[in-house]
Every structure is written in C-alpha cells, then in structure tokens.
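Trainee: Pasting a structure below so you can have a look.
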Amino acid sequence: MRSVNTKEAALDRENRVKDYWNREDVFRRSMSEREGNETFVFYEGPPTANGLPHAGHVLGRVIKDFIGRYKTMQGYQVLRKGGWDTHGLPVELEVEKQLGISGKQQVEEYGVEKFIEECKKSVFNYEKQWREFTESIGYWLDMDDPYVTLQNRYIESVWNILSDLHKRDLLTKGHRVTPYCPSCQTTLSSHEVAQGYEDVKDLSATAKFKVKGSENEFFLGWTTTPWTLPANVTLAVHPDLDYIKAEQNGEVYIVAEALAEKNLGEEYNVLSKHKGSEFAGTEYHAPFPFVKPERGHFVVEAGFVNAESGTGVVHIAPAYGEDDYNLVKEHNLSFFNVVDGQGRYTEDVPPFEGRFVKDCDVDIVKYLANEGLLFHKEKYEHSYPHCWRCDSPLLYYAIESWFIKTTEMKDKFLENNQQVEWHPEHIKDGRFGNFLENMVDWNIGRNRFWGTPLPIWICDSCDHQYAPNSQADLQEKAIGDIGDVELHKPYVDRVQLTCEKCNGTMNRVPEVIDVWFDSGSMPFAQQHYPFENKDQFEKQFPADVICEGIDQTRGWFYSLLAVSTLFTGKAPYKRVLSTGHILDEEGRKMSKSKGNALHPMDIVNKFGADAFRWALLADSAPWNNKRFSERVVIEAKSKVIDTLVNTHAFYTLYANIDGYEYNEKETGEKTLLDRWVLSRLNSVTVVVNEALDAYDFTKAAKALEKYIDEVSNWYIRRSRDRFWEEGMTESKKAAYHTLHEVLVQLSQLMAPYTPFLADDIYHNLTG
Ligand SMILES: [Zn+2]
Ligand SMILES: [Zn+2]
C-alpha cells in the first residue's frame with residue numbers, strides 16, 4: 001500500500017490514474033468482461049468536431065459518463081459508442097470563411113468537388129481537442145470506433161430509411177410557405193426555427209389602398225411586414241364582419257367597425273355600414289404600381305380575417321405567408337415573388353432592387369408617405385425567428401421543397417412520447433409535448449452541398465420517382481458501372497438511373513437533407529442497419545437513457561423520436577435526461593463575446609476533473625439552469641475532494657507505520673463509534689442507491705458529502721488516540737479495520753462522481 005502524498009496536484013493524481021486505465025485497458029474491459037450480461041443501452045448524441053468544446057458540453061458528458069459507470073458497477077454491460085455529426089451548414093459556412101467566398105453561387109464558381117473535399121477536411125479540425133477534453137474529464141467513450149455521419153455506410157443506412165418513407169408516400173415534394181434563411185440560402189425546418197427566436201423592434205404600417213373609380217375612398221390595410229407591400233395581390237375581408245365607411249379629413253376609409261376607433265381615433269363620421277361580403281370583388285389600386293397581377297387587386301373573402309388587430313382588411317402577398325398562399329390559390333389569383341434567393345428585391349421593384357428586404361421597411365414607409373398612401377406607422381417589439389446558425393432574420397417564402405409528412409403520424413408521435421420518462425418531468429407535456437402538438441411536416445430538403453444527398457431520382461421523360469434503398473440497389477439501377485461511388489455531391493449527382501416505367505433516364509434531385517435527420521437516424525445507422533449487425537441493433541434498441549442539453553428538445557430529442565417513429569413506429573428511447581444551461585455567477589448565459597465563458601480545460605488543469613464533476617452534480621439538479629463559476633469548483637475541491645484525500649492519507653500513513661494489513665475476519669474490538677460510522681455507511685449507501693436509481697444526482701451527493709465530513713471530523717478526530725496507541729491493540733485493529741471498510745465502500749459510492757480519486761483509493765487499498 002502506497003502512502004498518499006497530500007501535496008500531489010489533482011491533475012497529477014488524475015493523470016496517474018488515467019495512465020493506469022490506458023495501460024490496463026480498463027474501459028474496454030469493463031464492457032468486454034460483461035459480455036452476456038444484461039445490457040443497459042446508452043446513445044451518444046454526436047457533437048460536431050469543427051468547433052471547440054465549451055462548459056455546456058461538460059455537464060452532459062459528465063452525466064453520460066456517470067450513468068455508464070453506475071450501471072456498469074451494477075453489472076450491466078454498457079456499450080458506449082462515440083459519434084461525430086459531420087454534415088451541414090456550419091461546416092459549409094466555416095469552409096466558405098476559410099476560402100473567402102460566400103453564398104451558393106460563389107461555391108459553384110469555386111467548384112463543388114473542391115468545396116466538398118474542403119468540407120471533409122475541416123470536419124475533424126478539432127477532433128484532437130475533443131478527444132483530450134473527453135479523456136481529461138474522465139468520460140469513458142469509445143472514440144476509436146465511432147459512428148461518423150459522412151461515411152458511406154452511415155449514409156447508406158439513412159438512405160434505407162428515406163427510401164422506406166418514400167415508398168410509403170411519406171416523403172413527397174410540395175409547396176409550402178417555409179422559413180428560409182436568406183444568408184445561408186436554405187430553408188429551415190420548424191425545429192430549427194424554434195431554436196432562434198429573438199425580440200426585435202420592427203415597423204408596422206397601415207397603407208391606403210384606393211378604391212378604383214372613387215375620388216377619395218380607401219381600404220386601410222395593416223401589415224407588420226411593410227416590405228411585402230410591393231407584392232400585394234389582393235385584400236381580404238371577413239364576409240360576416242361589420243365594416244364602416246368613415247369620413248375623416250376629407251377622405252373616406254373602409255375599416256372593420258370594431259377597429260375603427262383604434263385606427264381613426266375619436267374624430268370621424270360614419271357614412272355607412274356594410275358586411276364584408278359587400279366588398280368582395282371591389283377593385284383597388286395597389287400602393288406600389290410595379291407589379292401588375294393578371295388576376296388580382298380586388299377584394300376577396302377570407303375566414304381567417306378577424307377584428308382582433310389591424311383594420312379588418314388584410315393585405316395579401318401570397319409568396320410570404322401560409323394563409324396568403326392558400327387564399328390566392330383558392331381564388332385562382334396571380335402569384336408572384338419579388339424577392340430573390342438572398343432576400344433582396346428583384347428588378348420587379350426598381351426603387352429597391354438589390355436591397356435586403358427587411359432593411360427596406362423604413363424606405364417602404366417613406367415611399368408610401370411621399371405618395372400620400374401612408375395612413376399610420378408604428379414601431380413595435382415582437383419575437384421574430386432568426387437563423388440558429390448565422391443569426392439572420394428569417395423570411396417566409398412559398399417554395400417547393402421535399403417534406404416528410406410527420407403530421408400524418410402525429411398520434412403515434414404523441415403516443416410514443418407518453419411512454420418516455422422525462423427528467424425533468426414537465427418537459428413531456430410541456431416543451432416537448434407542445435412542440436409535438438403543433439408539429440408541421442418536416443421540411444427535409446436543403447439546397448446546399450455538404451450533406452446526405454436526398455436519394456430520389458426523377459425520370460426525365462415520365463416524372464417517375466425512385467429512391468434506391470442501398471448502394472447495391474443504386475448500382476443495379478444505374479446506367480453503366482458506377483462501382484462504389486461516394487455518396488456525396490457532386491459524385492452521386494453524376495449517377496443516372498434507368499426508369500423502370502419507361503426506360504428513360506433518371507437524374508437525382510439536387511437537394512441534400514436536413515442534418516438533423518442524420519443524427520436522428522443514429523440508432524440504425526451507427527450499426528449500419530439493416531445491412532450489418534442486426535443482432536447488435538436488436539440489443540441496442542431502444543436506448544435506456546439519453547442525455548443532452550435542453551436545447552435538444554427541438555433538436556436531437558425530436559429528430560430521434562421522429563425518425564424512429566416514422567421508420568419503426570417505436571420510440572427510440574425509454575428515458576431522456578435534459579440538462580439546463582450553465583450560466584455565470586450573475587445568471588447570464590456564458591458566451592465568448594461577453595468574456596464570461598469558462599474554459600473546461602483550464603478548470604481541469606487547475607482543480608482536477610473530479611472537483612469539476614462534483615461541482616456540476618452536487619450543487620443543484622442538472623435540469624435547472626446552473627449558476628457556475630470557479631468558486632463552486634474550489635469549494636467542491638476543498639470540502640469533498642481534499643477531505644477524502646486527507647482521510648485516505650491518514651489511513652495509509654499510520655497503517656504503513658504499524659505494518660497493518662487488512663483482513664476481513666480480524667475485526668478487532670469494535671467500539672460504539674466504529675459501529676456508528678459503519679451503520680451510517682450502510683444507511684448512506686441505501687440513500688445513494690435509491691437516489692441514483694431515480695436519477696437524483698444531487699440528493700445522493702448531499703448524503704455523500706455529509707458522510708465524508710462525518711468520517712473526517714467525527715470518526716477520525718475522535719478515534720485518533722486509538723490509531724496512536726502503542727503496539728497493535730484490539731481497539732487499534734478495530735479502528736483500522738473500520739476505516740478501511742469505510743474508505744473502500746465510500747470509494748465505490750463516489751466512483752461515478754469522482755472516478756479518478758475513487759479508483760486511486762480503491763486500488764491502493766484493495767491491491
Ligand atoms: Zn442562416
Ligand atoms: Zn420514366
């Protein structure tokens with residue numbers, strides 16, 4: 001037994017233990033030696049390795065490791081396959097930055113093939129730092145054989161799922177008004193939009209739409225997006241709503257009666273009253289003369305108009321709103337879009353051509369004022385969706401895209417969610433349940449380059465669609481010998497298929513897919529299912545537990561549930577642990593720009609991973625947002641880690657002097673104090689195990705912390721004289737025997753929290 005050097009730095013101790021783990025292959029053996037045992041299934045949510053890990057990543061990884069260790073100690077086999085999320089816009093944007101180019105057009109000029117190769121290279125830029133970070137916090141994870149979303153085998157499994165959905169008519173092309181990022185130039189899915197709401201000040205305007213043939217009669221139309229006014233096609237009124245014509249300052253305005261005062265104030269004369277239906281068909285002059293619809297610029301009826309806000313007369317620009325789009329389709333009116341793919345006005349709106357539309361609100365309002373067509377303007381604050389990636393305000397466009405009809409299986413989604421145990425519990429029917437209740441079809445297509453290609457080929461002659469379900473299927477249907485083609489753009493775009501209906505030539509659609517579908521497919525694709533590992537897949541599905549940050553409610557938690565429910569009808573996990581944010585001491589979000597971010601590696605280097613882990617788990621429940629700082633780690637180190645080190649040191653120092661060797665049967669003469677500390681140990685063990693089986697890390701930690709203090713400040717302090725007695729008395733033997741049992745069992749209880757120190761004690765005392 002080695003005497004403990006209390007001066008040894010935490011980091012040195014941890015490196016010593018880490019070396020031992022590596023030397024003896026302890027992690028791998030903890031899995032292989034339990035082959036045949038009951039499995040406890042854990043899925044690793046794949047991080048992206050093109051950015052550095054931050055403090056927020058630590059909490060999730062510490063809990064994941066905790067559960068793996070705890071369940072392993074209970075005898076389960078817990079496989080822990082690592083994974084990397086490698087596709088998507090973040091990678092593309094990073095590469096664009098490196099190359100000094102921006103936007104799809106410049107990528108195409110640069111060359112898609114070269115661009116893709118750059119993306120591939122940049123994906124693992126920070127892999128080394130991630131590995132070091134993961135090892136340094138003691139997270140046991142198999143990073144030598146990870147699943148990687150860019151591999152052909154992974155993509156092939158994803159294709160297999162998509163092909164199945166396409167066959168079942170759940171994956172189709174359609175027109176929807178879809179959130180779109182003009183800067184990234186791609187559409188977003190609803191779960192992406194949900195991640196990026198920000199409060200902003202915008203300008204609303206009430207414009208005057210002059211009734212054709214009248215001298216001075218105007219419909220008043222209110223809009224929160226003045227930039228859509230140049231694309232006005234129609235005005236909508238509710239047929240049964242009461243409207244008035246009111247005279248004010250020599251002009252006549254048409255508004256809903258209930259909204260008249262709100263818009264006109266108190267000084268106006270009511271000339272006549274009308275039902276909305278009386279205005280249907282009334283022609284008007286649009287405030288902007290640039291676009292002339294073949295069929296439009298007359299009033300139509302719409303059920304969605306109400307008297308709750310605005311004027312009761314709704315300006316309709318079909319390209320930018322779901323209701324607008326449907327209404328225009330219903331009335332067979334003209335459709336046009338005056339905005340290009342980068343969110344700028346096209347040549348159809350000459351005064352503003354080339355300008356980003358949302359930046360033009362003020363000038364649009366000025367233009368109206370100059371023309372005498374502005375009735376009112378107002379600044380207002382509202383929550384507006386921004387791109388979760390690049391922070392641009394999103395626009396809503398009616399575009400054609402590929403959708404997965406998740407709404408057709410909504411009941412199954414809700415049913416599967418009900419079977420999941422959520423921590424914290426309120427997420428089930430709150431944040432997550434609400435999101436499912438309000439689900440819209442999953443917009444899966446992305447008009448970008450670096451992603452899993454959407455595996456749909458369309459016949460040039462007869463429009464027949466086909467989605468191959470494997471590489472072999474692709475090779476079989478392909479024109480010519482394509483070999484083992486890489487399943488990325490542009491390589492896969494060169495593959496043409498023969499149409500099974502008409503023998504024509506089929507080409508692939510240009511889209512790649514939403515990167516969240518990649519990670520959502522991991523239960524299947526990490527095993528290359530169904531092409532390999534069917535048995536392993538069965539054993540590793542569904543997960544007993546997954547754990548990620550609360551921001552994944554609409555991210556990975558959703559995409560996992562969605563892919564699995566669509567593909568198998570089953571929930572992919574039994575239990576979800578959703579962790580809160582790590583905030584600074586004042587309760588602000590940590591961010592690089594605010595300069596209040598904690599660097600995980602700095603903390604580990606200064607205080608050790610054990611103290612860091614303890615501080616994260618013992619202080620408060622991980623579901624809550626956590627105020628965190630170095631101070632919490634320092635306190636954890638001095639109160640818990642150092643106390644335990646000193647207890648270990650005390651024992652080894654005197655036991656070595658006395659040449660004491662532990663023998664289970666030679667208990668000595670136990671005193672009341674011995675029996676007390678052992679009985680406390682047993683009750684603490686019960687409390688800890690019960691709490692941990694319920695994923696209550698904090699309750700278990702509090703019990704342990706109290707006990708560590710009792711052992712040091714009560715038991716040792718009051719037993720000191722016995723350790724110092726001359727010779728090996730029965731009382732001294734009992735004291736050593738007791739403290740040995742306490743330390744060994746305590747180290748096991750502490751192992752999931754502080755694996756380095758726990759292992760150091762355990763191996764030193766048990767050999
Ligand atoms: Zn963006
Ligand atoms: Zn055909």
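Following the order of the structure tokens, chains are lettered A, B, ..., residues in each are numbered from 1, and ligands are numbered from 1.
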Name all residues at most 8 Å from segment 321-336 of chain A (count only C-alpha atoms; drop same-chain ones fewer than 3 positions away) and give them as a PyMOL selection string.
Mentor: chain A and resi 176-177+231+233+293-296+300+302+304+316-318+396-398
Trainee: Show me which residues sit within 6 Å of ligand 2 when counting only C-alpha atoms and all ligand atoms, and put them as number ranges by chain.
Mentor: A: 459, 461-464, 499, 501-504
Trainee: Write to file, as a short mmCIF file (atom, residue, chain, number, x, y, z; two decimals), in the first residue's frame, the residues of the selection just made, with N, CA and C atoms.
Mentor:
```cif
data_model
loop_
_atom_site.label_atom_id
_atom_site.label_comp_id
_atom_site.auth_asym_id
_atom_site.auth_seq_id
_atom_site.Cartn_x
_atom_site.Cartn_y
_atom_site.Cartn_z
N CYS A 459 -37.46 10.66 -63.37
CA CYS A 459 -37.33 10.35 -64.79
C CYS A 459 -37.57 11.60 -65.64
N SER A 461 -38.40 11.67 -68.69
CA SER A 461 -39.49 11.52 -69.65
C SER A 461 -40.85 11.42 -68.99
N CYS A 462 -40.96 10.61 -67.91
CA CYS A 462 -42.29 10.35 -67.37
C CYS A 462 -42.47 10.81 -65.92
N ASP A 463 -41.46 11.48 -65.37
CA ASP A 463 -41.55 12.01 -64.00
C ASP A 463 -41.64 10.96 -62.90
N HIS A 464 -41.44 9.71 -63.25
CA HIS A 464 -41.46 8.66 -62.23
C HIS A 464 -40.32 8.90 -61.24
N CYS A 499 -35.14 4.34 -65.92
CA CYS A 499 -36.51 4.36 -65.40
C CYS A 499 -37.16 3.00 -65.60
N LYS A 501 -40.25 2.41 -65.44
CA LYS A 501 -41.55 2.55 -66.10
C LYS A 501 -41.41 2.71 -67.62
N CYS A 502 -40.45 3.56 -68.04
CA CYS A 502 -40.41 3.89 -69.46
C CYS A 502 -39.03 3.75 -70.07
N ASN A 503 -38.10 3.20 -69.28
CA ASN A 503 -36.72 3.06 -69.77
C ASN A 503 -36.01 4.38 -70.03
N GLY A 504 -36.62 5.47 -69.60
CA GLY A 504 -35.99 6.78 -69.76
C GLY A 504 -34.83 6.95 -68.79
#
```
Trainee: Show me, as JSON lines, the residues of segment 124-241 of chain A having an atom within 12 Å of segment 751-761 of chain A, each with the closest atom pair and its distance in Å, using only C-alpha atoms.
Mentor:
```
{"residue": "A:Glu135", "atom": "CA", "partner": "A:Phe756", "partner_atom": "CA", "distance": 11.4}
{"residue": "A:Ser136", "atom": "CA", "partner": "A:Phe756", "partner_atom": "CA", "distance": 10.2}
{"residue": "A:Ile137", "atom": "CA", "partner": "A:Pro755", "partner_atom": "CA", "distance": 9.4}
{"residue": "A:Gly138", "atom": "CA", "partner": "A:Pro755", "partner_atom": "CA", "distance": 7.1}
{"residue": "A:Tyr139", "atom": "CA", "partner": "A:Pro755", "partner_atom": "CA", "distance": 9.5}
{"residue": "A:Trp140", "atom": "CA", "partner": "A:Pro755", "partner_atom": "CA", "distance": 10.3}
```
Trainee: Could you please take those selected residues and save C-alpha atoms as a compact mmCIF listing (two decimals), in the first residue's frame?
Mentor:
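again-v7.txt, freshly written:
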```
# COMPACT_ATOMS: atom_id res chain seq x y z
CA GLU A 135 -10.44 11.90 -21.67
CA SER A 136 -9.50 14.65 -19.27
CA ILE A 137 -12.96 14.83 -17.73
CA GLY A 138 -12.94 11.05 -17.39
CA TYR A 139 -15.70 10.42 -19.91
CA TRP A 140 -15.38 6.80 -20.94
```
Trainee: Give the helix (DSSP H, G or I) residues of segment 287-532 of chain A, as assigned by DSSP on the backbone, as a PyMOL selection string.
Mentor: chain A and resi 318-320+322-330+350-352+357-370+406-418+425-427+431-437+471-477+492-494+515-520+522-525
Trainee: Please identify every polymer residue within 6 Å of ligand 1, using only C-alpha atoms and all ligand atoms, and present the set as a list in words.
Mentor: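 Final answer, ordered by chain and number: Cys181, Ser183, Cys184, Cys387, Arg389, Cys390 and Ser392 of chain A.
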Trainee: Within 12 Å of Ala260 of chain A, counting only C-alpha atoms, which residues qualify if same-chain residues fewer than 2 places away don't, as a PyMOL selection string?
Mentor: chain A and resi 220+242-248+253-258+262-270+273+307-313
Trainee: Given the selection you just returned, output its residues as a file containing N, CA and C atoms, formatted as a short mmCIF file (atom, residue, chain, number, x, y, z; two decimals), in the first residue's frame.
Mentor:
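Output (result_20.cif):
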```
data_model
loop_
_atom_site.label_atom_id
_atom_site.label_comp_id
_atom_site.auth_asym_id
_atom_site.auth_seq_id
_atom_site.Cartn_x
_atom_site.Cartn_y
_atom_site.Cartn_z
N LEU A 220 -58.14 50.57 -45.67
CA LEU A 220 -56.94 50.67 -44.86
C LEU A 220 -56.43 49.25 -44.59
N ASP A 242 -68.69 43.26 -39.58
CA ASP A 242 -69.25 44.59 -39.87
C ASP A 242 -68.14 45.58 -40.18
N TYR A 243 -68.32 46.30 -41.29
CA TYR A 243 -67.35 47.33 -41.70
C TYR A 243 -68.08 48.65 -41.79
N ILE A 244 -67.32 49.72 -41.73
CA ILE A 244 -67.91 51.03 -41.97
C ILE A 244 -67.10 51.79 -43.01
N LYS A 245 -67.81 52.74 -43.67
CA LYS A 245 -67.10 53.77 -44.42
C LYS A 245 -67.13 55.00 -43.52
N ALA A 246 -65.96 55.55 -43.24
CA ALA A 246 -65.89 56.67 -42.31
C ALA A 246 -65.16 57.84 -42.96
N GLU A 247 -65.68 59.01 -42.74
CA GLU A 247 -65.07 60.21 -43.32
C GLU A 247 -64.19 60.87 -42.27
N GLN A 248 -62.99 61.22 -42.69
CA GLN A 248 -62.07 61.91 -41.79
C GLN A 248 -61.12 62.76 -42.63
N TYR A 253 -62.50 56.22 -45.39
CA TYR A 253 -61.75 55.00 -45.11
C TYR A 253 -62.70 53.84 -44.85
N ILE A 254 -62.28 52.66 -45.31
CA ILE A 254 -63.06 51.45 -45.06
C ILE A 254 -62.30 50.59 -44.06
N VAL A 255 -62.90 50.37 -42.89
CA VAL A 255 -62.27 49.54 -41.84
C VAL A 255 -63.37 48.75 -41.13
N ALA A 256 -62.95 47.73 -40.38
CA ALA A 256 -63.90 47.00 -39.56
C ALA A 256 -64.45 47.94 -38.50
N GLU A 257 -65.74 47.81 -38.22
CA GLU A 257 -66.37 48.71 -37.26
C GLU A 257 -65.70 48.61 -35.89
N ALA A 258 -65.42 47.38 -35.49
CA ALA A 258 -64.85 47.16 -34.16
C ALA A 258 -63.46 47.76 -34.02
N LYS A 262 -59.84 52.42 -32.85
CA LYS A 262 -58.43 52.12 -32.67
C LYS A 262 -57.58 52.73 -33.79
N ASN A 263 -58.11 52.70 -35.00
CA ASN A 263 -57.35 53.21 -36.14
C ASN A 263 -57.58 54.70 -36.39
N LEU A 264 -58.84 55.15 -36.22
CA LEU A 264 -59.18 56.51 -36.63
C LEU A 264 -59.22 57.49 -35.48
N GLY A 265 -59.14 56.99 -34.27
CA GLY A 265 -59.30 57.89 -33.13
C GLY A 265 -60.78 58.18 -32.91
N GLU A 266 -61.10 59.32 -32.31
CA GLU A 266 -62.49 59.60 -31.99
C GLU A 266 -63.18 60.52 -33.00
N GLU A 267 -62.38 61.23 -33.79
CA GLU A 267 -62.94 62.23 -34.70
C GLU A 267 -63.18 61.67 -36.09
N TYR A 268 -64.34 61.08 -36.32
CA TYR A 268 -64.67 60.65 -37.68
C TYR A 268 -66.19 60.54 -37.81
N ASN A 269 -66.68 60.64 -39.05
CA ASN A 269 -68.12 60.49 -39.29
C ASN A 269 -68.39 59.18 -39.99
N VAL A 270 -69.30 58.40 -39.44
CA VAL A 270 -69.67 57.16 -40.11
C VAL A 270 -70.64 57.49 -41.23
N LYS A 273 -72.71 51.62 -43.16
CA LYS A 273 -72.26 50.35 -42.59
C LYS A 273 -72.43 49.26 -43.64
N ALA A 307 -61.37 40.65 -36.12
CA ALA A 307 -61.38 42.06 -35.68
C ALA A 307 -60.52 42.23 -34.43
N GLU A 308 -59.51 41.40 -34.30
CA GLU A 308 -58.69 41.47 -33.08
C GLU A 308 -57.52 42.45 -33.21
N SER A 309 -57.00 42.57 -34.42
CA SER A 309 -55.89 43.51 -34.60
C SER A 309 -55.96 44.07 -36.01
N GLY A 310 -55.19 45.12 -36.26
CA GLY A 310 -55.14 45.70 -37.59
C GLY A 310 -56.40 46.48 -37.90
N THR A 311 -56.90 46.30 -39.14
CA THR A 311 -58.02 47.10 -39.61
C THR A 311 -59.22 46.26 -40.03
N GLY A 312 -59.01 44.92 -40.01
CA GLY A 312 -60.07 44.05 -40.51
C GLY A 312 -59.99 43.88 -42.01
N VAL A 313 -59.02 44.54 -42.63
CA VAL A 313 -58.74 44.37 -44.06
C VAL A 313 -57.29 43.90 -44.15
#
```
Trainee: Using only C-alpha atoms, which residues sit within 12 Å of Asp391 of chain A once same-chain residues fewer than 4 positions away are excluded, as a ChimeraX atom specification?
Mentor: /A:181-184,192-193,195-198,384-387
Trainee: Nearest residue to Lys114 of chain A out of A:Gly659, A:Ala10, A:Pro490, A:Arg153, using only C-alpha atoms?
Mentor: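 Smallest distance to Lys114 of chain A is found for A:Pro490.
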Trainee: Tell me which protein, DNA and RNA residues are within 12 Å of Lys71 of chain A, counting only C-alpha atoms, leaving out same-chain ones fewer than 5 positions away, and put them as a ChimeraX atom specification.
Mentor: /A:30-31,34,37-42,64-66,76-80,544-545,689,692-693,695,751-752
Trainee: If we count only C-alpha atoms and set the cut-off at 9 Å, which residues sit around Ile399 of chain A, ignoring sequence neighbours fewer than 5 positions away in its own chain? Please answer as a PDB file with N, CA, C and O atoms, in the first residue's frame.
Mentor:
```pdb
ATOM      1  N   GLY A 174     -43.592  19.169 -52.251  1.00  0.00           N
ATOM      2  CA  GLY A 174     -44.790  20.003 -52.178  1.00  0.00           C
ATOM      3  C   GLY A 174     -44.447  21.464 -52.020  1.00  0.00           C
ATOM      4  O   GLY A 174     -43.305  21.828 -51.771  1.00  0.00           O
ATOM      5  N   HIS A 175     -45.477  22.288 -52.191  1.00  0.00           N
ATOM      6  CA  HIS A 175     -45.357  23.717 -51.986  1.00  0.00           C
ATOM      7  C   HIS A 175     -45.788  24.039 -50.579  1.00  0.00           C
ATOM      8  O   HIS A 175     -46.883  23.707 -50.185  1.00  0.00           O
ATOM      9  N   ARG A 176     -44.974  24.666 -49.795  1.00  0.00           N
ATOM     10  CA  ARG A 176     -45.421  25.189 -48.509  1.00  0.00           C
ATOM     11  C   ARG A 176     -44.734  26.532 -48.316  1.00  0.00           C
ATOM     12  O   ARG A 176     -43.662  26.762 -48.871  1.00  0.00           O
ATOM     13  N   VAL A 177     -45.358  27.349 -47.541  1.00  0.00           N
ATOM     14  CA  VAL A 177     -44.653  28.547 -47.119  1.00  0.00           C
ATOM     15  C   VAL A 177     -43.710  28.106 -46.014  1.00  0.00           C
ATOM     16  O   VAL A 177     -44.118  27.521 -45.022  1.00  0.00           O
ATOM     17  N   THR A 178     -42.434  28.352 -46.243  1.00  0.00           N
ATOM     18  CA  THR A 178     -41.409  27.737 -45.426  1.00  0.00           C
ATOM     19  C   THR A 178     -40.437  28.785 -44.933  1.00  0.00           C
ATOM     20  O   THR A 178     -40.070  29.675 -45.689  1.00  0.00           O
ATOM     21  N   THR A 187     -33.793  26.588 -46.778  1.00  0.00           N
ATOM     22  CA  THR A 187     -34.973  26.538 -45.924  1.00  0.00           C
ATOM     23  C   THR A 187     -34.601  25.916 -44.587  1.00  0.00           C
ATOM     24  O   THR A 187     -33.570  25.260 -44.463  1.00  0.00           O
ATOM     25  N   ALA A 319     -46.637  35.074 -51.670  1.00  0.00           N
ATOM     26  CA  ALA A 319     -45.355  34.377 -51.594  1.00  0.00           C
ATOM     27  C   ALA A 319     -44.811  34.314 -50.177  1.00  0.00           C
ATOM     28  O   ALA A 319     -43.855  33.612 -49.909  1.00  0.00           O
TER      29      ALA A 319
END
```
